[in-house]
$ cat input37.cif   # mmCIF, C-alpha atoms
data_start
#
loop_
_atom_site.label_atom_id
_atom_site.label_comp_id
_atom_site.auth_asym_id
_atom_site.auth_seq_id
_atom_site.Cartn_x
_atom_site.Cartn_y
_atom_site.Cartn_z
CA MET D 883 0.00 0.00 0.00
CA THR D 884 1.21 3.47 -0.82
CA SER D 885 1.42 6.45 1.52
CA LEU D 886 0.28 9.99 0.85
CA PRO D 887 2.31 13.11 1.60
CA GLU D 888 1.15 14.71 4.84
CA HIS D 889 1.01 18.09 3.22
CA THR D 890 1.33 19.45 -0.30
CA GLN D 891 2.79 22.90 -0.85
CA LYS D 892 0.40 23.60 -3.69
CA LYS D 893 -2.90 22.14 -4.79
CA LEU D 894 -2.72 22.42 -8.53
CA GLY D 895 -5.97 21.62 -10.25
CA LEU D 896 -8.71 22.61 -12.64
CA VAL D 897 -11.87 24.64 -12.28
CA ILE D 898 -14.46 23.61 -14.85
CA ASP D 899 -17.41 25.86 -15.65
CA LEU D 900 -20.53 23.78 -16.37
CA ASP D 901 -22.32 26.99 -17.35
CA THR D 902 -20.20 27.70 -20.40
CA CYS D 903 -19.07 24.22 -21.43
CA VAL D 904 -20.74 23.45 -24.76
CA GLY D 905 -19.69 19.81 -24.95
CA CYS D 906 -17.51 20.23 -28.04
CA HIS D 907 -14.91 17.67 -26.88
CA ALA D 908 -11.98 19.96 -27.78
CA CYS D 909 -10.56 19.34 -24.28
CA ALA D 910 -10.86 15.58 -24.74
CA THR D 911 -9.22 15.45 -28.16
CA SER D 912 -6.48 17.97 -27.31
CA CYS D 913 -5.75 15.94 -24.15
CA LYS D 914 -5.50 12.77 -26.16
CA GLU D 915 -3.30 14.48 -28.74
CA TRP D 916 -0.87 15.94 -26.20
CA ASN D 917 -0.68 12.90 -23.98
CA ASP D 918 -0.37 10.48 -26.87
CA GLY D 919 3.15 11.82 -27.25
CA GLY D 920 3.79 13.07 -23.72
CA PHE D 921 4.45 11.59 -20.27
CA SER D 922 1.68 9.00 -20.67
CA GLY D 923 2.01 8.22 -24.34
CA PRO D 924 1.24 6.45 -26.45
CA LEU D 925 -2.41 6.06 -25.48
CA THR D 926 -3.97 2.86 -26.70
CA ASP D 927 -6.61 2.72 -29.45
CA ARG D 928 -8.35 -0.61 -29.96
CA ASP D 929 -10.38 -1.72 -32.97
CA ALA D 930 -9.82 1.74 -34.39
CA HIS D 931 -11.76 1.15 -37.63
CA GLY D 932 -13.84 -1.78 -36.46
CA ARG D 933 -17.11 -2.55 -34.72
CA ASP D 934 -16.20 -1.42 -31.22
CA PRO D 935 -13.66 1.40 -31.30
CA HIS D 936 -12.34 2.24 -27.84
CA GLY D 937 -9.18 3.36 -26.15
CA ALA D 938 -7.58 5.26 -23.29
CA TRP D 939 -8.70 8.86 -22.79
CA LEU D 940 -7.54 10.93 -19.84
CA ASN D 941 -10.48 13.30 -20.19
CA ARG D 942 -14.01 12.54 -21.35
CA VAL D 943 -17.19 14.59 -21.74
CA HIS D 944 -20.67 13.38 -20.85
CA SER D 945 -23.84 15.25 -21.81
CA TYR D 946 -27.10 15.16 -19.89
CA GLU D 947 -30.50 16.75 -20.21
CA VAL D 948 -31.85 18.10 -16.93
CA GLY D 949 -35.39 19.28 -16.21
CA GLU D 950 -38.63 19.02 -18.11
CA ARG D 951 -40.21 20.83 -21.04
CA GLU D 952 -39.44 24.56 -21.30
CA GLN D 953 -37.32 24.40 -18.17
CA SER D 954 -35.02 21.71 -19.50
CA ARG D 955 -31.37 22.37 -20.22
CA THR D 956 -28.43 20.40 -21.53
CA VAL D 957 -25.47 20.11 -19.18
CA HIS D 958 -22.10 18.97 -20.47
CA PHE D 959 -19.86 17.38 -17.87
CA PRO D 960 -16.13 17.01 -18.59
CA ARG D 961 -14.59 14.31 -16.43
CA SER D 962 -10.94 13.75 -15.59
CA CYS D 963 -8.76 13.08 -12.53
CA LEU D 964 -9.65 15.48 -9.70
CA HIS D 965 -6.20 15.16 -8.03
CA CYS D 966 -7.85 14.48 -4.65
CA GLU D 967 -6.18 15.47 -1.41
CA THR D 968 -6.74 11.97 -0.01
CA PRO D 969 -6.96 9.78 -3.11
CA ALA D 970 -7.87 6.15 -2.52
CA CYS D 971 -6.34 5.28 -5.90
CA VAL D 972 -2.92 5.98 -4.38
CA THR D 973 -3.38 4.29 -1.03
CA VAL D 974 -4.61 1.05 -2.63
CA CYS D 975 -1.62 0.82 -4.98
CA PRO D 976 0.36 -2.31 -4.06
CA THR D 977 3.61 -1.26 -5.75
CA GLY D 978 3.94 2.45 -5.01
CA ALA D 979 3.44 3.24 -8.72
CA SER D 980 0.58 5.60 -7.94
CA TYR D 981 1.72 8.58 -5.96
CA LYS D 982 0.77 12.11 -4.99
CA ARG D 983 3.47 14.73 -5.31
CA ALA D 984 4.31 16.65 -2.16
CA ASP D 985 5.26 19.84 -3.98
CA ASP D 986 2.21 20.43 -6.15
CA GLY D 987 -0.33 17.74 -5.25
CA ILE D 988 -0.50 16.17 -8.71
CA VAL D 989 -1.44 12.48 -8.69
CA LEU D 990 0.69 10.45 -11.10
CA VAL D 991 1.44 6.87 -12.08
CA ASN D 992 5.01 5.64 -12.50
CA PRO D 993 4.79 3.51 -15.67
CA ASP D 994 7.92 1.53 -14.68
CA THR D 995 6.42 0.15 -11.46
CA CYS D 996 2.73 -0.05 -12.38
CA ILE D 997 1.73 -3.70 -12.84
CA GLY D 998 -1.70 -2.98 -14.32
CA CYS D 999 -3.63 -4.65 -11.49
CA LYS D 1000 -6.44 -2.07 -11.88
CA LEU D 1001 -7.01 -1.76 -8.11
CA CYS D 1002 -6.81 2.02 -8.48
CA SER D 1003 -9.58 2.07 -11.05
CA TRP D 1004 -11.78 0.16 -8.60
CA ALA D 1005 -10.90 2.59 -5.82
CA CYS D 1006 -11.52 5.80 -7.78
CA PRO D 1007 -15.21 6.76 -7.55
CA TYR D 1008 -14.84 9.24 -10.40
CA GLY D 1009 -13.81 6.76 -13.08
CA ALA D 1010 -10.72 8.81 -13.77
CA ARG D 1011 -8.29 5.98 -14.36
CA GLU D 1012 -7.98 4.17 -17.65
CA TYR D 1013 -6.28 0.89 -18.46
CA ASP D 1014 -3.97 0.93 -21.43
CA TYR D 1015 -4.27 -2.42 -23.22
CA ASP D 1016 -1.10 -1.98 -25.20
CA ASP D 1017 1.16 -0.98 -22.31
CA GLY D 1018 -0.62 -3.08 -19.67
CA ILE D 1019 -0.59 -0.22 -17.18
CA MET D 1020 -2.93 2.47 -15.88
CA LYS D 1021 -3.06 5.92 -17.44
CA LYS D 1022 -4.53 9.08 -15.97
CA CYS D 1023 -4.61 12.86 -16.20
CA THR D 1024 -1.15 14.23 -15.36
CA LEU D 1025 -2.37 17.83 -15.30
CA CYS D 1026 0.10 18.03 -18.19
CA VAL D 1027 3.20 17.95 -15.94
CA ASP D 1028 5.18 17.97 -19.16
CA ARG D 1029 3.66 21.33 -20.19
CA ILE D 1030 3.10 23.34 -17.02
CA TYR D 1031 6.78 23.43 -15.96
CA ASN D 1032 8.21 23.45 -19.49
CA GLU D 1033 10.32 26.58 -19.76
CA THR D 1034 10.83 26.11 -23.48
CA PHE D 1035 7.14 26.93 -23.90
CA ALA D 1036 5.75 30.44 -24.13
CA PRO D 1037 4.20 31.34 -20.74
CA GLU D 1038 0.65 31.15 -22.12
CA ASP D 1039 1.28 27.55 -23.19
CA ARG D 1040 2.43 26.40 -19.74
CA ILE D 1041 -1.06 25.21 -18.88
CA PRO D 1042 -2.78 21.84 -19.43
CA ALA D 1043 -3.65 21.11 -23.07
CA CYS D 1044 -7.37 20.93 -22.24
CA VAL D 1045 -7.35 24.43 -20.73
CA ARG D 1046 -5.40 25.78 -23.70
CA ALA D 1047 -7.86 24.21 -26.17
CA CYS D 1048 -11.19 25.14 -24.57
CA PRO D 1049 -12.89 27.53 -27.02
CA THR D 1050 -15.35 28.91 -24.46
CA GLY D 1051 -12.87 29.48 -21.63
CA ALA D 1052 -14.75 27.00 -19.46
CA ARG D 1053 -11.57 25.46 -18.04
CA HIS D 1054 -9.21 27.19 -15.62
CA PHE D 1055 -5.89 26.00 -14.16
CA GLY D 1056 -4.19 27.17 -10.98
CA ASP D 1057 -3.32 26.63 -7.33
CA LEU D 1058 -6.47 25.88 -5.36
CA GLY D 1059 -4.42 25.81 -2.16
CA ASP D 1060 -3.81 29.55 -2.45
CA PRO D 1061 -6.99 31.38 -1.37
CA GLY D 1062 -5.91 34.44 -3.35
CA SER D 1063 -5.32 32.67 -6.67
CA ALA D 1064 -7.54 33.45 -9.65
CA VAL D 1065 -9.03 29.95 -9.56
CA SER D 1066 -9.78 30.14 -5.82
CA LEU D 1067 -11.48 33.51 -6.28
CA LEU D 1068 -13.51 32.10 -9.16
CA VAL D 1069 -14.64 29.18 -6.99
CA GLU D 1070 -15.57 31.63 -4.24
CA GLU D 1071 -17.48 33.94 -6.56
CA ARG D 1072 -19.39 31.25 -8.43
CA ALA D 1073 -19.99 28.83 -5.53
CA GLY D 1074 -17.80 26.12 -7.01
CA PHE D 1075 -18.43 22.64 -5.64
CA ASP D 1076 -16.79 19.24 -5.15
CA LEU D 1077 -17.95 16.08 -6.89
CA LEU D 1078 -19.24 13.50 -4.38
CA PRO D 1079 -17.80 15.30 -1.33
CA GLU D 1080 -19.54 12.81 0.98
CA LEU D 1081 -17.03 10.14 -0.03
CA GLY D 1082 -14.29 12.12 1.67
CA TYR D 1083 -11.54 12.08 -0.96
CA ALA D 1084 -11.44 15.89 -0.99
CA PRO D 1085 -11.09 16.51 -4.73
CA VAL D 1086 -8.91 19.49 -5.67
CA ASN D 1087 -10.65 20.13 -8.99
CA LYS D 1088 -13.81 22.19 -8.65
CA TYR D 1089 -16.89 22.57 -10.83
CA LEU D 1090 -18.85 25.78 -11.28
CA PRO D 1091 -22.62 25.20 -11.45
CA PRO D 1092 -24.74 26.23 -14.42
CA ARG D 1093 -26.37 29.60 -13.74
CA SER D 1094 -30.13 29.77 -13.23
CA ARG D 1095 -32.24 30.25 -16.31
CA ARG D 1096 -33.29 33.83 -16.85
CA ASP D 1097 -36.85 32.62 -17.31
CA ALA D 1098 -36.75 30.28 -14.34
CA LYS D 1099 -40.16 29.30 -12.96
CA ALA D 1100 -42.80 32.04 -13.19
CA ALA D 1101 -41.61 33.69 -16.39
CA PRO D 1102 -44.30 33.79 -19.12
CA ALA D 1103 -43.84 31.44 -22.03
CA TRP D 1104 -43.08 32.94 -25.41
CA SER D 1105 -46.33 33.85 -27.18
CA ALA D 1106 -46.94 33.14 -30.83
CA ASN D 1107 -48.80 36.46 -31.03
CA GLU D 1108 -45.70 38.43 -30.23
CA GLN D 1109 -44.15 40.01 -33.28
CA PRO D 1110 -40.52 40.98 -33.52
CA ALA D 1111 -39.87 44.71 -33.32
CA ALA D 1112 -40.02 46.47 -36.69
CA PRO D 1113 -36.58 47.38 -38.08
CA ASN D 1114 -35.41 50.86 -37.31
CA PRO D 1115 -34.79 52.58 -40.68
CA ASN D 1116 -32.07 54.71 -39.10
CA SER D 1117 -30.06 51.72 -37.91
CA LEU D 1118 -27.44 50.38 -40.31
CA VAL D 1119 -27.50 46.99 -38.57
CA ASP D 1120 -31.29 46.73 -38.82
CA ARG D 1121 -31.15 47.64 -42.49
CA LEU D 1122 -28.46 45.03 -43.09
CA PHE D 1123 -30.57 42.34 -41.40
CA ALA D 1124 -33.67 43.46 -43.31
CA TRP D 1125 -31.73 43.15 -46.57
CA ALA D 1126 -30.41 39.71 -45.57
CA ASP D 1127 -33.93 38.56 -44.63
CA LYS D 1128 -35.25 39.72 -47.97
CA ALA D 1129 -32.40 38.11 -49.92
CA LEU D 1130 -32.78 34.78 -48.13
CA ALA D 1131 -36.58 34.71 -48.35
CA ARG D 1132 -36.88 34.92 -52.14
CA MET Q 294 -19.45 17.04 -33.64
CA TYR Q 295 -17.64 16.40 -36.87
CA HIS Q 296 -18.36 16.13 -40.52
CA SER Q 297 -17.87 14.11 -43.67
CA TRP Q 298 -14.24 13.13 -44.09
CA GLY Q 299 -13.60 13.20 -40.35
CA SER Q 300 -16.06 10.44 -39.64
CA HIS Q 301 -13.56 7.62 -40.01
CA ASN Q 302 -11.07 9.31 -37.65
CA ALA Q 303 -9.88 6.74 -35.12
CA TRP Q 304 -10.30 9.06 -32.14
CA LEU Q 305 -13.49 10.84 -33.13
CA ARG Q 306 -15.32 7.60 -33.75
CA GLN Q 307 -14.50 6.59 -30.18
CA ILE Q 308 -16.52 9.63 -29.09
CA THR Q 309 -19.41 8.58 -31.28
CA ALA Q 310 -19.66 6.11 -34.13
CA GLU Q 311 -23.42 6.30 -34.58
CA ASN Q 312 -26.04 9.01 -34.68
CA ARG Q 313 -29.60 9.29 -33.43
CA LEU Q 314 -32.53 11.38 -34.57
CA TYR Q 315 -33.31 13.77 -31.72
CA MET Q 316 -37.06 14.23 -31.22
CA ASN Q 317 -39.29 16.08 -28.81
CA ARG Q 318 -40.41 13.72 -26.05
CA ASP Q 319 -44.09 14.72 -26.03
CA ARG Q 320 -44.41 14.61 -29.81
CA ALA Q 321 -42.77 11.20 -29.98
CA ARG Q 322 -45.15 9.88 -27.36
CA ALA Q 323 -48.09 11.18 -29.41
CA LEU Q 324 -46.72 9.27 -32.40
CA GLY Q 325 -46.30 6.08 -30.36
CA ILE Q 326 -42.51 6.28 -30.46
CA ALA Q 327 -40.41 5.41 -27.41
CA ASP Q 328 -36.79 6.27 -26.65
CA ASP Q 329 -34.32 4.10 -28.61
CA ASP Q 330 -37.02 3.01 -31.10
CA TRP Q 331 -36.09 2.50 -34.73
CA ILE Q 332 -37.90 4.85 -37.08
CA TRP Q 333 -38.25 5.66 -40.76
CA ILE Q 334 -37.45 9.25 -41.70
CA GLU Q 335 -39.19 10.00 -44.97
CA SER Q 336 -38.96 13.00 -47.28
CA PRO Q 337 -40.47 13.55 -50.77
CA ILE Q 338 -37.41 11.91 -52.36
CA GLY Q 339 -36.62 8.96 -50.11
CA ARG Q 340 -36.38 7.48 -46.68
CA VAL Q 341 -33.68 6.34 -44.24
CA LYS Q 342 -33.86 4.27 -41.09
CA GLY Q 343 -32.37 5.29 -37.78
CA ARG Q 344 -32.97 5.30 -34.05
CA VAL Q 345 -34.48 8.08 -31.97
CA ARG Q 346 -33.23 9.72 -28.83
CA LEU Q 347 -36.02 11.64 -27.12
CA MET Q 348 -35.25 14.98 -25.50
CA GLU Q 349 -37.06 17.96 -24.01
CA GLY Q 350 -34.95 20.68 -25.54
CA VAL Q 351 -36.04 20.35 -29.15
CA ASN Q 352 -39.03 22.04 -30.73
CA ALA Q 353 -41.91 19.59 -31.23
CA ASP Q 354 -42.07 20.38 -34.96
CA THR Q 355 -38.33 19.91 -35.50
CA VAL Q 356 -35.94 16.98 -35.48
CA TRP Q 357 -32.16 17.01 -35.71
CA THR Q 358 -29.14 14.75 -35.81
CA TRP Q 359 -25.36 14.78 -36.02
CA ASN Q 360 -25.22 14.28 -39.75
CA ALA Q 361 -22.49 12.64 -41.84
CA ILE Q 362 -21.74 9.84 -39.44
CA GLY Q 363 -23.73 7.18 -41.30
CA ARG Q 364 -21.72 5.29 -43.92
CA ARG Q 365 -22.16 2.42 -46.29
CA GLY Q 366 -20.54 -0.75 -44.94
CA GLY Q 367 -16.87 -0.89 -45.92
CA ALA Q 368 -16.67 2.79 -46.87
CA ALA Q 369 -13.69 4.79 -45.57
CA ALA Q 370 -11.93 1.50 -44.73
CA LEU Q 371 -14.34 0.85 -41.89
CA ASP Q 372 -15.47 -2.66 -40.93
CA SER Q 373 -18.58 -3.64 -42.89
CA GLN Q 374 -20.39 -4.08 -39.57
CA ALA Q 375 -19.12 -0.81 -38.02
CA PRO Q 376 -21.76 1.17 -36.08
CA GLU Q 377 -21.63 3.86 -38.78
CA ALA Q 378 -23.06 1.29 -41.20
CA THR Q 379 -25.36 -0.72 -38.93
CA ARG Q 380 -26.81 2.06 -36.77
CA GLY Q 381 -25.82 5.40 -38.28
CA PHE Q 382 -27.82 7.13 -41.00
CA LEU Q 383 -27.26 9.96 -43.45
CA LEU Q 384 -29.86 12.67 -44.03
CA ASN Q 385 -28.32 13.54 -47.41
CA HIS Q 386 -30.48 10.81 -48.97
CA LEU Q 387 -33.57 12.83 -48.00
CA ILE Q 388 -32.43 16.21 -49.29
CA ALA Q 389 -33.02 17.22 -52.91
CA GLU Q 390 -30.38 19.09 -54.88
CA LEU Q 391 -33.01 21.46 -56.26
CA LEU Q 392 -35.91 23.32 -54.71
CA PRO Q 393 -39.47 22.69 -55.97
CA GLU Q 394 -40.49 24.49 -59.18
CA ARG Q 395 -41.08 28.21 -58.92
CA GLU Q 396 -43.09 30.45 -61.22
CA GLY Q 397 -42.05 29.71 -64.80
CA GLY Q 398 -40.96 26.20 -63.88
CA TYR Q 399 -37.41 27.09 -62.84
CA ARG Q 400 -35.91 25.08 -59.99
CA PHE Q 401 -33.41 26.96 -57.88
CA SER Q 402 -30.49 25.23 -56.18
CA ASN Q 403 -31.17 24.06 -52.62
CA SER Q 404 -28.36 26.20 -51.26
CA ASP Q 405 -27.83 29.54 -49.59
CA PRO Q 406 -27.90 32.18 -52.35
CA ILE Q 407 -25.20 34.17 -50.59
CA THR Q 408 -22.68 31.67 -49.26
CA GLY Q 409 -23.51 28.58 -51.29
CA GLN Q 410 -24.00 26.54 -48.11
CA ALA Q 411 -25.71 23.31 -49.20
CA ALA Q 412 -29.10 22.01 -47.99
CA TRP Q 413 -29.99 25.47 -46.82
CA TYR Q 414 -33.77 25.32 -46.77
CA ASP Q 415 -36.18 23.56 -44.45
CA LEU Q 416 -37.10 19.99 -45.23
CA ARG Q 417 -40.37 18.49 -44.06
CA VAL Q 418 -40.11 14.83 -43.06
CA LYS Q 419 -42.48 12.12 -41.88
CA ILE Q 420 -41.45 10.01 -38.89
CA GLU Q 421 -42.90 6.56 -38.32
CA LYS Q 422 -41.94 3.63 -36.21
CA ALA Q 423 -39.90 0.93 -37.97
CA GLN Q 424 -38.82 -2.60 -37.23
CA PRO Q 425 -35.16 -2.82 -36.14
#
$ encode --input "input37.cif" --output "structure tokens"
Amino acid sequence: MTSLPEHTQKKLGLVIDLDTCVGCHACATSCKEWNDGGFSGPLTDRDAHGRDPHGAWLNRVHSYEVGEREQSRTVHFPRSCLHCETPACVTVCPTGASYKRADDGIVLVNPDTCIGCKLCSWACPYGAREYDYDDGIMKKCTLCVDRIYNETFAPEDRIPACVRACPTGARHFGDLGDPGSAVSLLVEERAGFDLLPELGYAPVNKYLPPRSRRDAKAAPAWSANEQPAAPNPNSLVDRLFAWADKALAR
Amino acid sequence: MYHSWGSHNAWLRQITAENRLYMNRDRARALGIADDDWIWIESPIGRVKGRVRLMEGVNADTVWTWNAIGRRGGAAALDSQAPEATRGFLLNHLIAELLPEREGGYRFSNSDPITGQAAWYDLRVKIEKAQP
């Protein structure tokens, strides 16, 4: 069994905004692209052009519909390692291959000592660990350790690939152990929350909840009798739209 | 999601290798269609078979799908029994190249007159339950 550091100097992690995530999978594919050639690479792909294509991904996106009728909304949920403060995936590891770094809190797997027993994937309640069939070992989010400290990169690139790729700015990277960091302030401001806190693994990554709908509850439904406002002949934009409407409606 | 020539990409097809027709839950119920049912999607020029996924957040008079995932078996070097061939479908088979006749009998192209974007205009389809 593997021990955890008593204290980590930093708590590096991600803050993921479920309000602005559009489920495009750019984080998932950019993660796979970077890590295919990085610390964890190559990442396995099985039956790539066959009946059941599957492989190792360190970040996945799940989409759900929540609520009924007019009040329904689609929520996209990106899922990757949460770099817990007390991760069971590390303490169950029989070889010491899984470990949590004392300096920044990142949870990693040493590929040289991992025996692929999969105990960690049973222990992780977040499904964050993936078995690599080709290498016979476990793979997981490294928080892009091979990017974030890489001084040959421009400063703006020293962040995880998923954060760099997100087109809506829904992913944020920083030190959640520093109450004054941008990510900590964001969590404070937007009431960021833990996934399954009752299990006690104290995830470092936080999620920001979707904001309430503007028409939540008592708002009147849209009426078919309502007509859009007539274009303002003095507005260039209105005239442009009126012309486009006319051109497209012929 | 992705389009046309990307649909045999080894990573993208792990995200999805089949598509569903997304339908309003109440409307589907009124038509006797349950979630995951197979359906025929029929337009004036043809029909294709696919499976539905019911959802709240789609207008009752509209259906949609991730198009360009469906493929003929063996196309793009995929297995003949790949999900793209056995479960995916392609709406292109329902969409005419030309719009119906206008005054004077001329048929305009079914594309955006400004950008040329194909399949620009609305297409009315009939949905009915099918055998798998």
$ resolve_selection --input "input37.cif" --expression "the PyMOL selection byres ((chain Q) within 12 of (chain D))" --output "tab-separated table (two decimals) with C-alpha atoms, keeping the file's coordinate frame"
chain	number	residue	atom	x	y	z
Q	294	MET	CA	-19.45	17.04	-33.64
Q	295	TYR	CA	-17.64	16.40	-36.87
Q	300	SER	CA	-16.06	10.44	-39.64
Q	301	HIS	CA	-13.56	7.62	-40.01
Q	302	ASN	CA	-11.07	9.31	-37.65
Q	303	ALA	CA	-9.88	6.74	-35.12
Q	304	TRP	CA	-10.30	9.06	-32.14
Q	305	LEU	CA	-13.49	10.84	-33.13
Q	306	ARG	CA	-15.32	7.60	-33.75
Q	307	GLN	CA	-14.50	6.59	-30.18
Q	308	ILE	CA	-16.52	9.63	-29.09
Q	309	THR	CA	-19.41	8.58	-31.28
Q	310	ALA	CA	-19.66	6.11	-34.13
Q	311	GLU	CA	-23.42	6.30	-34.58
Q	317	ASN	CA	-39.29	16.08	-28.81
Q	318	ARG	CA	-40.41	13.72	-26.05
Q	319	ASP	CA	-44.09	14.72	-26.03
Q	320	ARG	CA	-44.41	14.61	-29.81
Q	346	ARG	CA	-33.23	9.72	-28.83
Q	347	LEU	CA	-36.02	11.64	-27.12
Q	348	MET	CA	-35.25	14.98	-25.50
Q	349	GLU	CA	-37.06	17.96	-24.01
Q	350	GLY	CA	-34.95	20.68	-25.54
Q	351	VAL	CA	-36.04	20.35	-29.15
Q	352	ASN	CA	-39.03	22.04	-30.73
Q	353	ALA	CA	-41.91	19.59	-31.23
Q	366	GLY	CA	-20.54	-0.75	-44.94
Q	367	GLY	CA	-16.87	-0.89	-45.92
Q	368	ALA	CA	-16.67	2.79	-46.87
Q	369	ALA	CA	-13.69	4.79	-45.57
Q	370	ALA	CA	-11.93	1.50	-44.73
Q	371	LEU	CA	-14.34	0.85	-41.89
Q	372	ASP	CA	-15.47	-2.66	-40.93
Q	373	SER	CA	-18.58	-3.64	-42.89
Q	374	GLN	CA	-20.39	-4.08	-39.57
Q	375	ALA	CA	-19.12	-0.81	-38.02
Q	376	PRO	CA	-21.76	1.17	-36.08
Q	377	GLU	CA	-21.63	3.86	-38.78
Q	378	ALA	CA	-23.06	1.29	-41.20
Q	379	THR	CA	-25.36	-0.72	-38.93
Q	380	ARG	CA	-26.81	2.06	-36.77
Q	392	LEU	CA	-35.91	23.32	-54.71
Q	395	ARG	CA	-41.08	28.21	-58.92
Q	396	GLU	CA	-43.09	30.45	-61.22
Q	401	PHE	CA	-33.41	26.96	-57.88
Q	403	ASN	CA	-31.17	24.06	-52.62
Q	404	SER	CA	-28.36	26.20	-51.26
Q	405	ASP	CA	-27.83	29.54	-49.59
Q	406	PRO	CA	-27.90	32.18	-52.35
Q	407	ILE	CA	-25.20	34.17	-50.59
Q	408	THR	CA	-22.68	31.67	-49.26
Q	409	GLY	CA	-23.51	28.58	-51.29
Q	413	TRP	CA	-29.99	25.47	-46.82
Q	414	TYR	CA	-33.77	25.32	-46.77
Q	415	ASP	CA	-36.18	23.56	-44.45
$ atom_distance --input "input37.cif" --atom1 "CA of Phe921 in chain D" --atom2 "CA of Ala984 in chain D"
18.8 Å
$ resolve_selection --input "input37.cif" --expression "the PyMOL selection byres ((chain Q and resi 344) around 6)" --output "number ranges by chain"
Q: 313, 329-332, 343, 345
$ atom_distance --input "input37.cif" --atom1 "CA of Ala1084 in chain D" --atom2 "CA of Cys999 in chain D"
24.4 Å
$ resolve_selection --input "input37.cif" --expression "the PyMOL selection byres ((chain D and resi 1076) around 7)" --output "PDB file with C-alpha atoms, keeping the file's coordinate frame"
ATOM      1  CA  PHE D1075     -18.430  22.640  -5.640  1.00  0.00           C
ATOM      2  CA  LEU D1077     -17.950  16.080  -6.890  1.00  0.00           C
ATOM      3  CA  LEU D1078     -19.240  13.500  -4.380  1.00  0.00           C
ATOM      4  CA  PRO D1079     -17.800  15.300  -1.330  1.00  0.00           C
ATOM      5  CA  PRO D1085     -11.090  16.510  -4.730  1.00  0.00           C
ATOM      6  CA  LYS D1088     -13.810  22.190  -8.650  1.00  0.00           C
ATOM      7  CA  TYR D1089     -16.890  22.570 -10.830  1.00  0.00           C
TER       8      TYR D1089
END
$ residues_around --input "input37.cif" --residues "Pro969 in chain D" --least-positions-apart "5" --cutoff "10 Å" --atoms "only C-alpha atoms" --output "ChimeraX atom specification"
/D:886,964,974,980-982,989,1002,1005-1007,1082-1085
$ residues_around --input "input37.cif" --residues "Asn1087 in chain D" --least-positions-apart "4" --cutoff "12 Å" --atoms "all atoms listed in the file" --output "number ranges by chain"
D: 893-899, 960-967, 987-989, 1008, 1023, 1025, 1053-1059, 1065-1066, 1069, 1074-1079, 1083
$ write_last_selection --input "input37.cif" --atoms "C-alpha atoms" --output "PDB file, in the coordinates of the input"
ATOM      1  CA  LYS D 893      -2.900  22.140  -4.790  1.00  0.00           C
ATOM      2  CA  LEU D 894      -2.720  22.420  -8.530  1.00  0.00           C
ATOM      3  CA  GLY D 895      -5.970  21.620 -10.250  1.00  0.00           C
ATOM      4  CA  LEU D 896      -8.710  22.610 -12.640  1.00  0.00           C
ATOM      5  CA  VAL D 897     -11.870  24.640 -12.280  1.00  0.00           C
ATOM      6  CA  ILE D 898     -14.460  23.610 -14.850  1.00  0.00           C
ATOM      7  CA  ASP D 899     -17.410  25.860 -15.650  1.00  0.00           C
ATOM      8  CA  PRO D 960     -16.130  17.010 -18.590  1.00  0.00           C
ATOM      9  CA  ARG D 961     -14.590  14.310 -16.430  1.00  0.00           C
ATOM     10  CA  SER D 962     -10.940  13.750 -15.590  1.00  0.00           C
ATOM     11  CA  CYS D 963      -8.760  13.080 -12.530  1.00  0.00           C
ATOM     12  CA  LEU D 964      -9.650  15.480  -9.700  1.00  0.00           C
ATOM     13  CA  HIS D 965      -6.200  15.160  -8.030  1.00  0.00           C
ATOM     14  CA  CYS D 966      -7.850  14.480  -4.650  1.00  0.00           C
ATOM     15  CA  GLU D 967      -6.180  15.470  -1.410  1.00  0.00           C
ATOM     16  CA  GLY D 987      -0.330  17.740  -5.250  1.00  0.00           C
ATOM     17  CA  ILE D 988      -0.500  16.170  -8.710  1.00  0.00           C
ATOM     18  CA  VAL D 989      -1.440  12.480  -8.690  1.00  0.00           C
ATOM     19  CA  TYR D1008     -14.840   9.240 -10.400  1.00  0.00           C
ATOM     20  CA  CYS D1023      -4.610  12.860 -16.200  1.00  0.00           C
ATOM     21  CA  LEU D1025      -2.370  17.830 -15.300  1.00  0.00           C
ATOM     22  CA  ARG D1053     -11.570  25.460 -18.040  1.00  0.00           C
ATOM     23  CA  HIS D1054      -9.210  27.190 -15.620  1.00  0.00           C
ATOM     24  CA  PHE D1055      -5.890  26.000 -14.160  1.00  0.00           C
ATOM     25  CA  GLY D1056      -4.190  27.170 -10.980  1.00  0.00           C
ATOM     26  CA  ASP D1057      -3.320  26.630  -7.330  1.00  0.00           C
ATOM     27  CA  LEU D1058      -6.470  25.880  -5.360  1.00  0.00           C
ATOM     28  CA  GLY D1059      -4.420  25.810  -2.160  1.00  0.00           C
ATOM     29  CA  VAL D1065      -9.030  29.950  -9.560  1.00  0.00           C
ATOM     30  CA  SER D1066      -9.780  30.140  -5.820  1.00  0.00           C
ATOM     31  CA  VAL D1069     -14.640  29.180  -6.990  1.00  0.00           C
ATOM     32  CA  GLY D1074     -17.800  26.120  -7.010  1.00  0.00           C
ATOM     33  CA  PHE D1075     -18.430  22.640  -5.640  1.00  0.00           C
ATOM     34  CA  ASP D1076     -16.790  19.240  -5.150  1.00  0.00           C
ATOM     35  CA  LEU D1077     -17.950  16.080  -6.890  1.00  0.00           C
ATOM     36  CA  LEU D1078     -19.240  13.500  -4.380  1.00  0.00           C
ATOM     37  CA  PRO D1079     -17.800  15.300  -1.330  1.00  0.00           C
ATOM     38  CA  TYR D1083     -11.540  12.080  -0.960  1.00  0.00           C
TER      39      TYR D1083
END
$ axis_aligned_box --input "input37.cif" --around "range 404-422 of chain Q" --padding-each-side "5 Å" --output "lines of an AutoDock Vina configuration file"
center_x = -32.8
center_y = 18.9
center_z = -44.3
size_x = 30.2
size_y = 40.5
size_z = 26.1
